[in-house]
Amino acid sequence: MQPLWQIEGAFLLWIQENMRQDWLTPIMQVITRFGDGGIFWIGFCILLLGIPKSRRTGIAASLSLALNGLVTNVCLKNIIGRIRPYVRFPELTVLTTIPSDTSFPSGHTAASFAVAAGVYMAGWKKTGIVLYIFSALIGFSRLYLGVHFPSDVIGGAIVGVLCAWVVRKFIDWTAKPQKDRKKNKRKRK
């Protein structure tokens, strides 16, 4: 049986040979930019925070993004230290700026899924689904452009969703005593 990295490398080379198109490459390059440095997602969270109706959702998305940044960029990338696919497979052509950090998990994908899941778990289901689809496109763009293994993208999606889940549980836990206090005040009156 082949090691996972060989199977993933073959898949990336298959994408390179069979899916890359001159008209599609610039689109994928634009899509991947939405994940660069988390800037788009930070801006999106600030927008949510700035609108009173979406402030709670903005808090959930912002905390999910912040936790994800800590887990992904500070911890996992440094602990795991996985090399990029174009290093292991020199025949893989990179179609974007060559990243300087390690490969696992995909930070673009993790940040995108952290915000999408944070929004979804905050109750904005339709918006969350649209963001999940957009996050999947960002993840696929990382494969298409040759900068991540498929397991980097899958791992990033899982880490992002788990970070949002932890934040959701924390928010629920901290909100519960407050709800209980309000109930007790009403009972006393």
# chains A, B, ... in the order shown; residues from 1 in each chain; ligands from 1

call {"tool": "residues_around", "arguments": {"residues": "Ile59 in chain A", "least_positions_apart": "3", "cutoff": "12 Å", "atoms": "only C-alpha atoms", "output": "PDB file with N, CA and C atoms, in the first residue's frame"}}
result
ATOM      1  N   ILE A  42     -11.407  38.737   8.876  1.00  0.00           N
ATOM      2  CA  ILE A  42     -11.369  39.751   9.940  1.00  0.00           C
ATOM      3  C   ILE A  42     -12.326  40.890   9.592  1.00  0.00           C
ATOM      4  N   PHE A  44     -14.911  40.739   7.622  1.00  0.00           N
ATOM      5  CA  PHE A  44     -16.270  40.216   7.696  1.00  0.00           C
ATOM      6  C   PHE A  44     -16.753  40.212   9.150  1.00  0.00           C
ATOM      7  N   CYS A  45     -15.889  39.784  10.066  1.00  0.00           N
ATOM      8  CA  CYS A  45     -16.248  39.773  11.492  1.00  0.00           C
ATOM      9  C   CYS A  45     -16.478  41.189  12.008  1.00  0.00           C
ATOM     10  N   ILE A  46     -15.641  42.126  11.608  1.00  0.00           N
ATOM     11  CA  ILE A  46     -15.814  43.523  12.024  1.00  0.00           C
ATOM     12  C   ILE A  46     -17.152  44.061  11.517  1.00  0.00           C
ATOM     13  N   LEU A  47     -17.502  43.712  10.287  1.00  0.00           N
ATOM     14  CA  LEU A  47     -18.793  44.123   9.727  1.00  0.00           C
ATOM     15  C   LEU A  47     -19.939  43.578  10.580  1.00  0.00           C
ATOM     16  N   LEU A  48     -19.872  42.295  10.919  1.00  0.00           N
ATOM     17  CA  LEU A  48     -20.912  41.699  11.769  1.00  0.00           C
ATOM     18  C   LEU A  48     -20.983  42.386  13.131  1.00  0.00           C
ATOM     19  N   LEU A  49     -19.817  42.691  13.699  1.00  0.00           N
ATOM     20  CA  LEU A  49     -19.776  43.355  15.005  1.00  0.00           C
ATOM     21  C   LEU A  49     -20.343  44.772  14.952  1.00  0.00           C
ATOM     22  N   GLY A  50     -20.221  45.414  13.800  1.00  0.00           N
ATOM     23  CA  GLY A  50     -20.668  46.793  13.653  1.00  0.00           C
ATOM     24  C   GLY A  50     -22.160  46.965  13.460  1.00  0.00           C
ATOM     25  N   ILE A  51     -22.865  45.875  13.168  1.00  0.00           N
ATOM     26  CA  ILE A  51     -24.308  45.935  12.950  1.00  0.00           C
ATOM     27  C   ILE A  51     -24.987  45.353  14.194  1.00  0.00           C
ATOM     28  N   PRO A  52     -25.789  46.171  14.893  1.00  0.00           N
ATOM     29  CA  PRO A  52     -26.388  45.683  16.146  1.00  0.00           C
ATOM     30  C   PRO A  52     -27.113  44.336  16.018  1.00  0.00           C
ATOM     31  N   LYS A  53     -27.828  44.127  14.932  1.00  0.00           N
ATOM     32  CA  LYS A  53     -28.591  42.887  14.749  1.00  0.00           C
ATOM     33  C   LYS A  53     -27.690  41.644  14.641  1.00  0.00           C
ATOM     34  N   SER A  54     -26.466  41.838  14.171  1.00  0.00           N
ATOM     35  CA  SER A  54     -25.565  40.699  13.958  1.00  0.00           C
ATOM     36  C   SER A  54     -24.405  40.655  14.951  1.00  0.00           C
ATOM     37  N   ARG A  55     -24.474  41.490  15.979  1.00  0.00           N
ATOM     38  CA  ARG A  55     -23.338  41.606  16.907  1.00  0.00           C
ATOM     39  C   ARG A  55     -23.007  40.280  17.601  1.00  0.00           C
ATOM     40  N   ARG A  56     -24.010  39.550  18.062  1.00  0.00           N
ATOM     41  CA  ARG A  56     -23.747  38.263  18.735  1.00  0.00           C
ATOM     42  C   ARG A  56     -23.107  37.262  17.779  1.00  0.00           C
ATOM     43  N   SER A  62     -15.850  36.002  15.430  1.00  0.00           N
ATOM     44  CA  SER A  62     -14.546  36.584  15.779  1.00  0.00           C
ATOM     45  C   SER A  62     -13.769  35.697  16.738  1.00  0.00           C
ATOM     46  N   LEU A  63     -14.455  35.199  17.759  1.00  0.00           N
ATOM     47  CA  LEU A  63     -13.786  34.309  18.712  1.00  0.00           C
ATOM     48  C   LEU A  63     -13.356  33.001  18.042  1.00  0.00           C
ATOM     49  N   SER A  64     -14.185  32.490  17.132  1.00  0.00           N
ATOM     50  CA  SER A  64     -13.835  31.271  16.393  1.00  0.00           C
ATOM     51  C   SER A  64     -12.590  31.499  15.548  1.00  0.00           C
ATOM     52  N   LEU A  65     -12.549  32.645  14.869  1.00  0.00           N
ATOM     53  CA  LEU A  65     -11.395  32.981  14.036  1.00  0.00           C
ATOM     54  C   LEU A  65     -10.138  33.153  14.885  1.00  0.00           C
ATOM     55  N   ALA A  66     -10.265  33.809  16.025  1.00  0.00           N
ATOM     56  CA  ALA A  66      -9.106  34.035  16.903  1.00  0.00           C
ATOM     57  C   ALA A  66      -8.574  32.711  17.462  1.00  0.00           C
ATOM     58  N   VAL A 115     -14.964  30.732  10.574  1.00  0.00           N
ATOM     59  CA  VAL A 115     -15.966  31.796  10.489  1.00  0.00           C
ATOM     60  C   VAL A 115     -17.299  31.230  10.000  1.00  0.00           C
ATOM     61  N   GLY A 118     -18.808  29.343  12.806  1.00  0.00           N
ATOM     62  CA  GLY A 118     -19.205  30.274  13.858  1.00  0.00           C
ATOM     63  C   GLY A 118     -20.524  30.961  13.529  1.00  0.00           C
ATOM     64  N   VAL A 119     -20.668  31.376  12.288  1.00  0.00           N
ATOM     65  CA  VAL A 119     -21.903  32.024  11.835  1.00  0.00           C
ATOM     66  C   VAL A 119     -23.055  31.020  11.849  1.00  0.00           C
ATOM     67  N   MET A 121     -23.360  28.178  13.563  1.00  0.00           N
ATOM     68  CA  MET A 121     -23.703  27.745  14.931  1.00  0.00           C
ATOM     69  C   MET A 121     -24.352  28.859  15.753  1.00  0.00           C
ATOM     70  N   ALA A 122     -24.174  30.107  15.313  1.00  0.00           N
ATOM     71  CA  ALA A 122     -24.815  31.235  15.997  1.00  0.00           C
ATOM     72  C   ALA A 122     -26.270  31.395  15.567  1.00  0.00           C
ATOM     73  N   ALA A 164     -14.836  26.611  16.131  1.00  0.00           N
ATOM     74  CA  ALA A 164     -16.151  27.261  16.242  1.00  0.00           C
ATOM     75  C   ALA A 164     -17.030  26.520  17.244  1.00  0.00           C
ATOM     76  N   VAL A 167     -15.932  27.438  20.762  1.00  0.00           N
ATOM     77  CA  VAL A 167     -16.415  28.791  21.063  1.00  0.00           C
ATOM     78  C   VAL A 167     -17.912  28.762  21.353  1.00  0.00           C
ATOM     79  N   ARG A 168     -18.677  28.028  20.540  1.00  0.00           N
ATOM     80  CA  ARG A 168     -20.127  27.931  20.761  1.00  0.00           C
ATOM     81  C   ARG A 168     -20.428  27.364  22.147  1.00  0.00           C
ATOM     82  N   PHE A 170     -18.459  27.436  24.758  1.00  0.00           N
ATOM     83  CA  PHE A 170     -18.039  28.438  25.738  1.00  0.00           C
ATOM     84  C   PHE A 170     -19.103  29.529  25.880  1.00  0.00           C
ATOM     85  N   ILE A 171     -19.613  30.014  24.765  1.00  0.00           N
ATOM     86  CA  ILE A 171     -20.650  31.057  24.795  1.00  0.00           C
ATOM     87  C   ILE A 171     -21.896  30.533  25.501  1.00  0.00           C
TER      88      ILE A 171
END

call {"tool": "residues_around", "arguments": {"residues": "Asn68 in chain A", "least_positions_apart": "4", "cutoff": "9 Å", "atoms": "only C-alpha atoms", "output": "list of chain:residue names"}}
result
A:Leu63, A:Ser64, A:Thr72, A:Asn73, A:Gly107, A:Ala110, A:Ala111, A:Ala114, A:Val159, A:Gly160, A:Val161, A:Leu162, A:Cys163, A:Ala164

call {"tool": "closest_atom_pairs", "arguments": {"of": "range 83-181 of chain A", "to": "range 28-41 of chain A", "cutoff": "7 Å", "atoms": "only C-alpha atoms", "output": "JSON lines"}}
result
{"residue": "A:Thr96", "atom": "CA", "partner": "A:Gln29", "partner_atom": "CA", "distance": 6.6}
{"residue": "A:His108", "atom": "CA", "partner": "A:Gly35", "partner_atom": "CA", "distance": 4.5}
{"residue": "A:Ala111", "atom": "CA", "partner": "A:Gly38", "partner_atom": "CA", "distance": 6.5}
{"residue": "A:Ser112", "atom": "CA", "partner": "A:Gly35", "partner_atom": "CA", "distance": 6.9}
{"residue": "A:Ile138", "atom": "CA", "partner": "A:Thr32", "partner_atom": "CA", "distance": 5.3}
{"residue": "A:Ser141", "atom": "CA", "partner": "A:Met28", "partner_atom": "CA", "distance": 5.3}
{"residue": "A:Arg142", "atom": "CA", "partner": "A:Thr32", "partner_atom": "CA", "distance": 6.7}

call {"tool": "closest_residue", "arguments": {"among": "A:Ala136, A:Leu13, A:Leu4, A:Leu145", "to": "Thr97 in chain A", "atoms": "only C-alpha atoms"}}
result
A:Leu145

call {"tool": "residues_around", "arguments": {"residues": "Val147 in chain A", "least_positions_apart": "5", "cutoff": "8 Å", "atoms": "only C-alpha atoms", "output": "ChimeraX atom specification"}}
result
/A:84-86,94,98-99,103,142

call {"tool": "closest_residue", "arguments": {"among": "A:Leu95, A:Thr57, A:Arg88, A:Trp173", "to": "Leu24 in chain A", "atoms": "only C-alpha atoms"}}
result
A:Leu95

call {"tool": "atom_distance", "arguments": {"atom1": "CA of Met19 in chain A", "atom2": "CA of Ala116 in chain A"}}
result
26.6 Å

call {"tool": "decode", "arguments": {"residues": "range 49-61 of chain A", "atoms": "C-alpha atoms", "output": "PDB file, in the first residue's frame"}}
result
ATOM      1  CA  LEU A  49     -19.776  43.355  15.005  1.00  0.00           C
ATOM      2  CA  GLY A  50     -20.668  46.793  13.653  1.00  0.00           C
ATOM      3  CA  ILE A  51     -24.308  45.935  12.950  1.00  0.00           C
ATOM      4  CA  PRO A  52     -26.388  45.683  16.146  1.00  0.00           C
ATOM      5  CA  LYS A  53     -28.591  42.887  14.749  1.00  0.00           C
ATOM      6  CA  SER A  54     -25.565  40.699  13.958  1.00  0.00           C
ATOM      7  CA  ARG A  55     -23.338  41.606  16.907  1.00  0.00           C
ATOM      8  CA  ARG A  56     -23.747  38.263  18.735  1.00  0.00           C
ATOM      9  CA  THR A  57     -22.978  36.385  15.537  1.00  0.00           C
ATOM     10  CA  GLY A  58     -19.967  38.650  15.028  1.00  0.00           C
ATOM     11  CA  ILE A  59     -18.698  37.821  18.501  1.00  0.00           C
ATOM     12  CA  ALA A  60     -19.032  34.076  17.816  1.00  0.00           C
ATOM     13  CA  ALA A  61     -17.330  34.355  14.422  1.00  0.00           C
TER      14      ALA A  61
END
